[in-house]
file query32.csv (CSV, C-alpha atoms and all ligand atoms)
chain,number,residue,atom,x,y,z
W,86,MET,CA,123.2,85.9,110.0
W,87,ASN,CA,125.3,88.2,107.9
W,88,MET,CA,124.7,91.0,105.4
W,89,ILE,CA,124.4,89.8,101.8
W,90,PRO,CA,126.5,91.7,99.3
W,91,ILE,CA,124.6,93.0,96.3
W,92,LYS,CA,127.2,94.9,94.4
W,93,ASP,CA,130.3,97.0,95.1
W,94,ASN,CA,129.9,97.7,98.9
W,95,VAL,CA,126.2,97.7,98.9
W,96,PHE,CA,124.6,95.1,101.2
W,97,TYR,CA,121.2,93.6,101.8
W,98,LEU,CA,120.0,93.4,105.4
W,99,GLY,CA,116.4,92.1,104.9
W,100,SER,CA,114.5,90.1,107.5
W,101,LYS,CA,111.7,87.7,106.5
W,102,ASP,CA,108.7,87.6,108.8
W,103,ILE,CA,107.1,84.5,107.5
W,104,ASN,CA,104.8,84.1,110.6
W,105,ARG,CA,103.1,87.4,110.1
W,106,LYS,CA,99.5,86.7,109.1
W,107,LEU,CA,98.0,90.1,108.5
W,108,PHE,CA,99.2,93.5,107.2
W,109,ASP,CA,97.5,96.6,108.7
W,110,GLN,CA,95.5,94.0,110.7
W,111,LEU,CA,93.4,93.7,107.5
W,112,VAL,CA,95.0,91.9,104.6
W,113,PRO,CA,96.0,88.3,104.9
W,114,LEU,CA,99.7,87.6,104.1
W,115,PRO,CA,99.8,84.0,102.7
W,116,GLN,CA,103.6,83.9,103.1
W,117,GLY,CA,104.3,86.7,105.5
W,118,THR,CA,106.4,89.6,104.4
W,119,SER,CA,109.9,91.0,104.5
W,120,TYR,CA,111.4,94.3,105.7
W,121,ASN,CA,114.6,95.3,103.9
W,122,SER,CA,117.4,97.6,105.1
W,123,TYR,CA,120.4,98.3,102.9
W,124,LEU,CA,123.9,99.3,103.9
W,125,VAL,CA,126.0,101.4,101.6
W,126,LYS,CA,129.7,101.7,102.4
W,127,GLY,CA,131.4,104.7,100.7
W,128,SER,CA,135.1,105.5,100.9
W,129,GLU,CA,134.4,108.0,103.6
W,130,LYS,CA,131.0,107.5,105.1
W,131,VAL,CA,128.6,104.6,105.8
W,132,ALA,CA,124.8,104.9,105.3
W,133,LEU,CA,122.0,102.6,106.3
W,134,ILE,CA,119.0,103.0,104.1
W,135,ASP,CA,115.7,102.4,106.0
W,136,THR,CA,115.6,100.3,109.1
W,137,MET,CA,113.2,97.6,110.4
W,138,TYR,CA,109.9,96.5,111.9
W,139,PRO,CA,110.5,96.8,115.6
W,140,LYS,CA,109.9,93.1,116.3
W,141,MET,CA,112.9,92.3,114.0
W,142,ILE,CA,115.4,94.7,115.4
W,143,ASP,CA,117.5,91.9,116.9
W,144,GLU,CA,118.1,90.4,113.5
W,145,LEU,CA,119.2,93.7,112.0
W,146,VAL,CA,121.6,94.4,114.9
W,147,GLU,CA,123.0,90.9,114.7
W,148,LYS,CA,123.8,91.3,111.0
W,149,LEU,CA,125.5,94.7,111.6
W,150,ASP,CA,127.5,93.2,114.5
W,151,ASN,CA,128.5,90.0,112.7
W,152,ASP,CA,129.9,92.1,109.8
W,153,GLY,CA,131.8,94.4,112.2
W,154,ILE,CA,129.9,97.6,111.4
W,155,LYS,CA,131.3,99.7,114.3
W,156,SER,CA,129.9,103.0,113.1
W,157,ILE,CA,127.2,104.4,110.8
W,158,ASP,CA,127.2,108.0,109.7
W,159,TYR,CA,123.8,108.3,108.1
W,160,ILE,CA,120.5,106.5,108.5
W,161,VAL,CA,118.4,107.4,105.5
W,162,CYS,CA,114.7,107.2,106.2
W,163,ASN,CA,112.6,107.1,103.1
W,164,HIS,CA,109.3,106.7,104.9
W,165,ALA,CA,108.2,107.0,108.6
W,166,GLU,CA,105.9,104.1,108.9
W,167,GLN,CA,107.2,101.9,111.7
W,168,ASP,CA,107.8,98.8,109.6
W,169,HIS,CA,110.8,100.8,108.2
W,170,SER,CA,111.5,103.3,110.9
W,171,GLY,CA,110.8,101.3,114.0
W,172,ALA,CA,114.4,100.4,114.7
W,173,LEU,CA,115.6,104.1,114.7
W,174,PRO,CA,115.5,104.6,118.5
W,175,VAL,CA,117.6,101.5,119.1
W,176,LEU,CA,120.0,102.4,116.3
W,177,VAL,CA,120.6,106.0,117.2
W,178,GLU,CA,121.5,104.8,120.7
W,179,LYS,CA,123.8,102.1,119.3
W,180,TYR,CA,125.5,104.4,116.8
W,181,PRO,CA,125.5,107.8,118.7
W,182,ALA,CA,127.2,109.7,115.8
W,183,ALA,CA,124.6,108.6,113.3
W,184,LYS,CA,122.3,111.2,111.8
W,185,ILE,CA,118.9,110.5,110.4
W,186,VAL,CA,118.7,111.8,106.9
W,187,THR,CA,115.2,112.6,105.7
W,188,ASN,CA,112.6,115.1,104.5
W,189,GLU,CA,110.7,117.5,106.8
W,190,LYS,CA,107.4,115.6,106.7
W,191,CYS,CA,109.1,112.3,107.5
W,192,LYS,CA,111.0,113.9,110.3
W,193,ASP,CA,107.7,115.2,111.8
W,194,ASN,CA,106.2,111.8,111.6
W,195,ILE,CA,109.2,110.0,113.1
W,196,LYS,CA,109.3,112.5,116.0
W,197,ASN,CA,105.6,112.0,116.7
W,198,MET,CA,105.6,108.3,116.4
W,199,LEU,CA,109.0,107.4,117.9
W,200,HIS,CA,110.0,110.4,120.0
W,201,VAL,CA,113.5,110.7,118.4
W,202,ALA,CA,115.4,113.9,119.5
W,203,ASP,CA,115.5,116.8,117.2
W,204,ASP,CA,119.3,117.0,117.0
W,205,LYS,CA,119.5,113.5,115.5
W,206,PHE,CA,118.1,114.7,112.1
W,207,ILE,CA,119.6,116.2,108.9
W,208,LEU,CA,116.9,117.6,106.7
W,209,ILE,CA,117.3,117.3,102.9
W,210,ASN,CA,115.4,118.8,100.0
W,211,ASP,CA,114.2,117.2,96.8
W,212,LYS,CA,117.0,116.2,94.5
W,213,GLU,CA,119.6,117.0,97.1
W,214,GLU,CA,122.8,114.9,97.1
W,215,LEU,CA,124.9,113.5,100.0
W,216,SER,CA,128.4,112.3,99.4
W,217,LEU,CA,129.7,109.1,101.0
W,218,GLY,CA,133.1,109.6,99.4
W,219,ASP,CA,133.2,107.5,96.2
W,220,LYS,CA,129.4,107.0,96.3
W,221,THR,CA,126.7,109.6,96.1
W,222,LEU,CA,123.1,109.4,97.4
W,223,GLN,CA,120.5,111.5,95.8
W,224,PHE,CA,117.0,112.0,97.4
W,225,ILE,CA,114.0,112.1,95.2
W,226,PHE,CA,110.8,113.1,96.8
W,227,ALA,CA,107.9,110.8,95.9
W,228,PRO,CA,105.0,111.8,98.1
W,229,TRP,CA,101.8,109.7,98.3
W,230,VAL,CA,103.2,106.3,97.5
W,231,HIS,CA,101.7,105.9,100.0
W,232,TRP,CA,102.2,108.6,102.7
W,233,PRO,CA,102.9,112.3,102.2
W,234,ASP,CA,106.5,111.7,103.5
W,235,THR,CA,107.6,109.0,101.0
W,236,MET,CA,110.8,109.4,99.0
W,237,PHE,CA,113.3,107.4,97.0
W,238,THR,CA,117.1,107.3,97.4
W,239,TYR,CA,119.2,107.0,94.3
W,240,LEU,CA,122.8,105.7,94.5
W,241,LYS,CA,124.2,107.4,91.5
W,242,GLU,CA,127.5,105.5,90.8
W,243,ASP,CA,125.8,102.1,91.0
W,244,ASN,CA,122.5,103.1,89.3
W,245,MET,CA,120.5,101.7,92.2
W,246,LEU,CA,117.1,103.1,93.2
W,247,PHE,CA,115.9,102.4,96.8
W,248,THR,CA,112.1,102.8,96.6
W,249,CYS,CA,111.0,101.8,100.1
W,250,ASP,CA,107.3,100.7,99.9
W,251,PHE,CA,106.9,101.6,96.2
W,252,LEU,CA,107.2,98.5,93.9
W,253,GLY,CA,107.3,96.2,97.0
W,254,ALA,CA,105.7,92.9,97.6
W,255,HIS,CA,104.7,90.7,100.5
W,256,TYR,CA,106.8,87.9,99.1
W,257,THR,CA,109.3,85.8,101.0
W,258,ARG,CA,110.3,83.0,98.6
W,259,TYR,CA,113.6,84.6,97.4
W,260,GLU,CA,117.2,84.8,98.4
W,261,LEU,CA,118.0,88.2,97.0
W,262,PHE,CA,116.7,88.9,93.5
W,263,ALA,CA,113.2,88.7,92.0
W,264,ASP,CA,112.4,85.4,90.4
W,265,CYS,CA,109.8,87.2,88.1
W,266,SER,CA,107.4,84.2,88.7
W,267,LYS,CA,103.6,84.1,88.7
W,268,GLY,CA,103.8,83.8,92.5
W,269,LEU,CA,105.8,87.1,92.7
W,270,GLU,CA,103.3,88.8,90.3
W,271,GLU,CA,100.4,87.8,92.6
W,272,ALA,CA,102.1,88.9,95.7
W,273,ALA,CA,103.0,92.2,94.2
W,274,LYS,CA,99.4,92.7,93.0
W,275,ARG,CA,98.0,91.9,96.4
W,276,TYR,CA,100.5,94.5,97.8
W,277,TYR,CA,99.6,97.1,95.1
W,278,ALA,CA,95.9,96.6,95.7
W,279,GLU,CA,96.0,97.4,99.4
W,280,ILE,CA,98.9,99.8,99.6
W,281,MET,CA,99.2,101.7,96.3
W,282,MET,CA,95.8,101.4,94.5
W,283,PRO,CA,94.2,104.2,96.6
W,284,PHE,CA,97.0,106.4,95.2
W,285,ARG,CA,96.9,105.1,91.6
W,286,ASN,CA,97.7,108.4,89.8
W,287,PHE,CA,100.7,108.9,92.0
W,288,ALA,CA,101.8,105.4,91.4
W,289,LYS,CA,101.4,105.9,87.7
W,290,LYS,CA,103.5,109.1,87.8
W,291,TYR,CA,106.3,107.5,89.8
W,292,THR,CA,106.3,104.4,87.6
W,293,ALA,CA,107.1,106.7,84.7
W,294,LEU,CA,109.8,108.5,86.8
W,295,VAL,CA,111.5,105.2,87.6
W,296,LYS,CA,111.5,104.3,83.9
W,297,GLU,CA,113.1,107.6,83.2
W,298,ILE,CA,115.8,107.0,85.8
W,299,ASN,CA,116.3,103.6,84.3
W,300,PRO,CA,118.0,102.0,87.3
W,301,ASP,CA,119.9,98.7,86.9
W,302,PHE,CA,118.4,97.7,90.3
W,303,VAL,CA,115.2,98.6,92.1
W,304,LEU,CA,115.5,97.9,95.8
W,305,PRO,CA,112.2,98.1,97.7
W,306,SER,CA,111.8,97.6,101.4
W,307,HIS,CA,109.4,94.7,101.1
W,308,GLY,CA,110.1,91.6,98.9
W,309,PRO,CA,113.0,90.9,96.5
W,310,ILE,CA,115.4,93.2,94.7
W,311,TYR,CA,114.7,93.7,91.0
W,312,ASP,CA,117.8,93.3,88.9
W,313,ASN,CA,115.4,93.3,86.0
W,314,PRO,CA,113.1,96.2,87.0
W,315,GLN,CA,111.2,96.0,83.7
W,316,PHE,CA,109.2,93.1,85.2
W,317,ILE,CA,107.6,95.1,88.0
W,318,LEU,CA,107.4,98.3,86.0
W,319,ASP,CA,105.4,96.6,83.3
W,320,LEU,CA,103.0,95.3,85.9
W,321,TYR,CA,102.6,98.7,87.4
W,322,ASP,CA,102.0,100.2,84.0
W,323,GLU,CA,99.1,97.7,83.6
W,324,TRP,CA,97.6,98.1,87.1
W,325,THR,CA,97.8,101.9,87.1
W,326,SER,CA,96.5,102.4,83.6
W,327,ASP,CA,92.9,103.6,83.1
W,328,LYS,CA,92.0,100.3,81.4
W,329,VAL,CA,89.6,97.9,83.0
W,330,LEU,CA,89.0,94.2,82.0
W,331,ASN,CA,85.9,92.3,81.1
W,332,LYS,CA,85.4,91.4,84.7
W,333,VAL,CA,82.7,91.8,87.4
W,334,VAL,CA,83.3,91.3,91.1
W,335,ILE,CA,80.4,90.0,93.2
W,336,PRO,CA,81.0,90.1,96.9
W,337,TYR,CA,78.0,88.9,98.8
W,338,VAL,CA,76.6,87.8,102.2
W,339,SER,CA,73.5,85.6,102.4
W,340,MET,CA,71.7,84.5,105.6
W,341,TYR,CA,69.1,82.1,104.2
W,342,ASP,CA,70.4,81.6,100.6
W,343,SER,CA,67.9,83.9,98.9
W,344,THR,CA,70.7,86.5,98.1
W,345,LYS,CA,72.9,83.6,97.1
W,346,ILE,CA,70.3,82.4,94.6
W,347,LEU,CA,70.3,85.9,93.0
W,348,VAL,CA,74.1,85.9,93.0
W,349,ASP,CA,74.3,82.5,91.3
W,350,GLU,CA,71.7,83.5,88.7
W,351,LEU,CA,73.6,86.8,87.9
W,352,ALA,CA,77.0,85.1,87.8
W,353,ASN,CA,75.7,82.3,85.4
W,354,LYS,CA,74.0,84.8,83.1
W,355,LEU,CA,77.2,87.0,83.0
W,356,LYS,CA,79.3,84.0,82.3
W,357,ASP,CA,77.0,83.1,79.4
W,358,PHE,CA,77.7,86.6,78.0
W,359,GLY,CA,81.5,85.8,78.3
W,360,VAL,CA,82.1,88.0,81.3
W,361,ASP,CA,84.8,87.0,83.8
W,362,VAL,CA,82.9,86.8,87.1
W,363,LYS,CA,84.6,86.7,90.5
W,364,VAL,CA,82.2,85.8,93.3
W,365,PHE,CA,83.3,86.2,97.0
W,366,ASP,CA,81.3,84.8,99.9
W,367,LEU,CA,82.1,87.6,102.4
W,368,ILE,CA,81.9,85.2,105.4
W,369,HIS,CA,84.9,83.2,104.1
W,370,CYS,CA,86.6,86.0,102.2
W,371,ASP,CA,90.3,86.8,101.9
W,372,GLU,CA,90.3,90.6,101.6
W,373,GLY,CA,93.6,90.5,99.7
W,374,GLU,CA,92.0,88.3,97.0
W,375,LEU,CA,89.0,90.6,96.7
W,376,SER,CA,91.3,93.7,96.6
W,377,MET,CA,93.4,92.1,93.8
W,378,GLU,CA,90.3,91.5,91.7
W,379,LEU,CA,89.2,95.1,92.1
W,380,VAL,CA,92.5,96.3,90.6
W,381,ASP,CA,91.2,95.8,87.0
W,382,ALA,CA,87.5,95.0,87.4
W,383,ALA,CA,85.0,96.9,85.2
W,384,GLY,CA,82.3,96.7,87.9
W,385,VAL,CA,81.1,95.4,91.2
W,386,VAL,CA,77.7,94.0,92.3
W,387,LEU,CA,77.3,93.9,96.0
W,388,GLY,CA,75.0,91.2,97.4
W,389,SER,CA,73.5,91.4,100.8
W,390,SER,CA,70.7,90.0,103.0
W,391,MET,CA,68.7,92.5,105.1
W,392,VAL,CA,69.6,92.2,108.8
W,393,LEU,CA,68.3,94.6,111.5
W,394,ALA,CA,66.5,96.6,108.9
W,395,GLY,CA,69.7,97.4,106.9
W,396,PRO,CA,72.5,95.7,104.9
W,397,HIS,CA,74.5,93.0,106.6
W,398,PRO,CA,77.6,94.5,108.3
W,399,ALA,CA,79.9,92.4,106.1
W,400,ALA,CA,78.4,94.0,103.0
W,401,LEU,CA,78.8,97.4,104.6
W,402,THR,CA,82.4,96.8,105.5
W,403,THR,CA,83.1,95.7,102.0
W,404,ALA,CA,81.5,98.8,100.5
W,405,TYR,CA,83.7,100.9,102.8
W,406,LEU,CA,86.8,99.0,101.7
W,407,VAL,CA,85.9,99.3,98.0
W,408,ASN,CA,85.5,103.1,98.5
W,409,ALA,CA,88.8,103.4,100.4
W,410,LEU,CA,90.8,101.4,97.9
W,411,ARG,CA,89.5,103.6,95.0
W,412,PRO,CA,89.5,101.0,92.2
W,413,LYS,CA,88.8,102.2,88.7
W,414,LEU,CA,85.3,100.7,88.6
W,415,LYS,CA,83.0,102.0,85.9
W,416,PHE,CA,79.7,100.7,87.4
W,417,TYR,CA,78.1,99.1,90.3
W,418,SER,CA,74.8,97.6,91.5
W,419,ILE,CA,73.3,96.1,94.6
W,420,ILE,CA,71.3,92.9,94.8
W,421,GLY,CA,69.7,91.2,97.8
W,422,SER,CA,66.8,89.9,99.7
W,423,PHE,CA,64.7,91.0,102.7
W,424,GLY,CA,62.2,89.3,105.0
W,425,TRP,CA,59.9,92.1,106.3
W,426,GLY,CA,61.4,95.4,105.4
W,427,GLY,CA,64.2,98.0,105.9
W,428,ASN,CA,66.7,99.9,103.8
W,429,LEU,CA,69.2,97.7,102.1
W,430,SER,CA,70.7,99.9,99.5
W,431,GLY,CA,70.9,103.3,101.2
W,432,PRO,CA,73.6,102.6,103.7
W,433,ILE,CA,75.7,100.9,101.0
W,434,GLU,CA,75.3,103.7,98.6
W,435,ASN,CA,76.3,106.2,101.3
W,436,MET,CA,79.7,104.4,101.6
W,437,PHE,CA,80.7,105.5,98.0
W,438,THR,CA,82.0,108.9,98.9
W,439,ILE,CA,85.2,108.8,96.9
W,440,VAL,CA,84.6,106.3,94.1
W,441,LYS,CA,81.6,107.2,92.0
W,442,PRO,CA,80.9,104.4,89.6
W,443,GLU,CA,77.8,104.6,87.5
W,444,LYS,CA,74.8,103.1,89.3
W,445,LEU,CA,72.9,100.3,87.5
W,446,GLU,CA,69.5,99.1,88.4
W,447,TYR,CA,69.3,97.4,91.8
W,448,VAL,CA,67.5,94.1,92.3
W,449,ILE,CA,66.2,93.8,95.9
W,450,VAL,CA,63.5,91.2,96.4
W,451,LYS,CA,61.2,90.1,99.2
W,452,GLY,CA,62.0,86.6,100.4
W,453,LYS,CA,62.9,83.8,98.1
W,454,PRO,CA,63.4,85.0,94.5
W,455,ASN,CA,60.4,84.3,92.1
W,456,ASP,CA,60.2,84.3,88.3
W,457,GLU,CA,59.8,88.0,88.2
W,458,ASP,CA,62.9,88.5,90.3
W,459,PHE,CA,64.9,86.2,88.1
W,460,SER,CA,63.8,88.3,85.1
W,461,LYS,CA,65.1,91.4,86.8
W,462,ILE,CA,68.4,89.7,87.5
W,463,ASP,CA,68.6,88.6,83.8
W,464,ARG,CA,67.9,92.2,82.7
W,465,LEU,CA,70.7,93.4,85.0
W,466,ALA,CA,73.0,90.9,83.4
W,467,VAL,CA,72.1,92.2,80.0
W,468,ASP,CA,72.7,95.8,81.2
W,469,ILE,CA,76.1,94.8,82.6
W,470,ALA,CA,77.2,93.0,79.5
W,471,GLU,CA,76.2,96.1,77.4
W,472,LYS,CA,78.0,98.5,79.8
W,473,ILE,CA,81.2,96.4,79.7
W,474,LYS,CA,81.2,96.6,75.9
W,475,GLN,CA,81.2,100.4,76.3
W,476,VAL,CA,84.0,100.6,78.8
W,477,VAL,CA,86.5,97.8,78.0
S,1,LIG,FE1,106.0,99.3,104.5
S,1,LIG,FE2,104.2,102.2,104.5
S,1,LIG,O1,105.2,100.9,105.2

call {"tool": "encode", "arguments": {"input": "query32.csv", "output": "structure tokens", "more": "lines below"}}
Ligand code: FEO
result
Amino acid sequence: MNMIPIKDNVFYLGSKDINRKLFDQLVPLPQGTSYNSYLVKGSEKVALIDTMYPKMIDELVEKLDNDGIKSIDYIVCNHAEQDHSGALPVLVEKYPAAKIVTNEKCKDNIKNMLHVADDKFILINDKEELSLGDKTLQFIFAPWVHWPDTMFTYLKEDNMLFTCDFLGAHYTRYELFADCSKGLEEAAKRYYAEIMMPFRNFAKKYTALVKEINPDFVLPSHGPIYDNPQFILDLYDEWTSDKVLNKVVIPYVSMYDSTKILVDELANKLKDFGVDVKVFDLIHCDEGELSMELVDAAGVVLGSSMVLAGPHPAALTTAYLVNALRPKLKFYSIIGSFGWGGNLSGPIENMFTIVKPEKLEYVIVKGKPNDEDFSKIDRLAVDIAEKIKQVV
């Protein structure tokens, strides 16, 4: 395997990890992911931009060796998470003259996580420049997409912006450049939902910043390179906007079908009102799909059976995830069924510590739903349809 030239002594050293099934041990990866390093050869110095997931180190080293890279002067670290920094200990040993170029927060994180020696670092400030001879790197701090240490590296002469996690995608069906397909859009949305949505306002700010820089190439550290950055920037504009769609997400878990009967009734009524309804049976749920639907949903209705005098753990986990992902939901409700008693709504409600959507009437019924229960569900559907008219 060799490095792939992108443009004028800038090379791609990505590795595809198509067998990886989960990211963060949480979100399924239908086609795995990729980790991208880039090599920039200036007339005087050579810089590697970001490194690699530790399990793929051999591929990175093989590419560098095959292309005869005998020395590296700088290893730029845009972000300390190990899928990009994990190869640092191996690389600083292989290239003893190399210095890790990064910001103070990133240095602290690398030292804590990888135990790299203090004298291996060069600290830079926001907007500082580093000359490689005929090429210049500029470092642009972009904290909170998605860690406090994240930054971008801008290659001035070639108008290329290396954004690390930002604008990335768990997408492996590419050679080098983005195909701007529906498949890429879905992969980028799945990625955004889990990684960037909790930091939506920062993502919005940096989308505007990237537009202002107006690079010819956006080079993330997951997924393809954008030689037409407008594609991904337009998507980020949409996802990070305050706008929600005429859509309700209904994740549910049902032990003896009573909760499912309520969910089906609500979903059918909402569909009659023209609402886009996304129902997820939590026992067979892809958290990535659910997260993607939360990106632009107007509301969520969580359905749960009562178990052990409280909500089913699957419903509680989902409530936790919804709160952690911080979607721009405008309203929520809880529906469900119980056999003999307990507190179904309280523990779910208590999960919403960050997101505070408006609470609509709950419908919690005893046993199998009866006519009165159906009437309550129908009223909830009316309330939701009215609420959507106000917020969309
Ligand atoms: Fe791709 Fe935050 O690491």

call {"tool": "residues_near_ligand", "arguments": {"input": "query32.csv", "ligand": "ligand LIG 1 (chain S)", "cutoff": "8 Å", "atoms": "all atoms listed in the file", "output": "PyMOL selection string"}}
result
chain W and resi 120+164-169+231-232+249-250+280+306-307

call {"tool": "closest_residue", "arguments": {"input": "query32.csv", "among": "W:Lys148, W:Lys212, W:His200, W:Lys220", "to": "Glu129 of chain W", "atoms": "only C-alpha atoms"}}
result
W:Lys220

call {"tool": "atom_distance", "arguments": {"input": "query32.csv", "atom1": "atom CA of Ala352 of chain W", "atom2": "atom CA of Ala278 of chain W"}}
result
23.5 Å

call {"tool": "residues_around", "arguments": {"input": "query32.csv", "residues": "Tyr341 of chain W", "least_positions_apart": "2", "cutoff": "9 Å", "atoms": "all atoms listed in the file", "output": "list in words"}}
result
Ser339, Ser343, Thr344, Lys345, Ser390 and Lys453 of chain W

call {"tool": "residues_around", "arguments": {"input": "query32.csv", "residues": "Val364 of chain W", "least_positions_apart": "6", "cutoff": "8 Å", "atoms": "all atoms listed in the file", "output": "PDB file with C-alpha atoms, in the coordinates of the input"}}
result
ATOM      1  CA  VAL W 334      83.300  91.300  91.100  1.00  0.00           C
ATOM      2  CA  ILE W 335      80.400  90.000  93.200  1.00  0.00           C
ATOM      3  CA  PRO W 336      81.000  90.100  96.900  1.00  0.00           C
ATOM      4  CA  TYR W 337      78.000  88.900  98.800  1.00  0.00           C
ATOM      5  CA  ALA W 352      77.000  85.100  87.800  1.00  0.00           C
TER       6      ALA W 352
END

call {"tool": "closest_residue", "arguments": {"input": "query32.csv", "among": "W:Ala272, W:Ile91, W:Met137, W:Leu217", "to": "Asp158 of chain W", "atoms": "all atoms listed in the file"}}
result
W:Leu217

call {"tool": "residues_around", "arguments": {"input": "query32.csv", "residues": "Lys472 of chain W", "least_positions_apart": "4", "cutoff": "10 Å", "atoms": "only C-alpha atoms", "output": "VMD selection string"}}
result
chain W and resid 383 to 384 415 to 416 443 445 466 to 468 476 to 477

call {"tool": "residues_around", "arguments": {"input": "query32.csv", "residues": "Lys461 of chain W", "least_positions_apart": "5", "cutoff": "10 Å", "atoms": "all atoms listed in the file", "output": "PyMOL selection string"}}
result
chain W and resi 347+351+446-450+456+466-467

call {"tool": "closest_residue", "arguments": {"input": "query32.csv", "among": "W:Val131, W:Cys162, W:Met340, W:Ile185", "to": "Thr221 of chain W", "atoms": "all atoms listed in the file"}}
result
W:Val131

call {"tool": "atom_distance", "arguments": {"input": "query32.csv", "atom1": "atom CA of Met88 of chain W", "atom2": "atom CA of Glu260 of chain W"}}
result
12.0 Å

call {"tool": "closest_residue", "arguments": {"input": "query32.csv", "among": "W:Gly171, W:Gly117, W:Pro314, W:Pro139", "to": "Ile103 of chain W", "atoms": "only C-alpha atoms"}}
result
W:Gly117

call {"tool": "atom_distance", "arguments": {"input": "query32.csv", "atom1": "atom CA of Lys451 of chain W", "atom2": "atom CA of Leu414 of chain W"}}
result
28.4 Å

call {"tool": "residues_around", "arguments": {"input": "query32.csv", "residues": "Asn428 of chain W", "least_positions_apart": "6", "cutoff": "9 Å", "atoms": "all atoms listed in the file", "output": "list in words"}}
result
Met391, Ala394, Gly395 and Pro396 of chain W

call {"tool": "closest_residue", "arguments": {"input": "query32.csv", "among": "W:Ala404, W:Gln116, W:Val125, W:Val360", "to": "Gly268 of chain W", "atoms": "all atoms listed in the file"}}
result
W:Gln116

call {"tool": "closest_residue", "arguments": {"input": "query32.csv", "among": "W:Asp102, W:Glu372, W:Asp327, W:Asp381", "to": "Thr403 of chain W", "atoms": "only C-alpha atoms"}}
result
W:Glu372
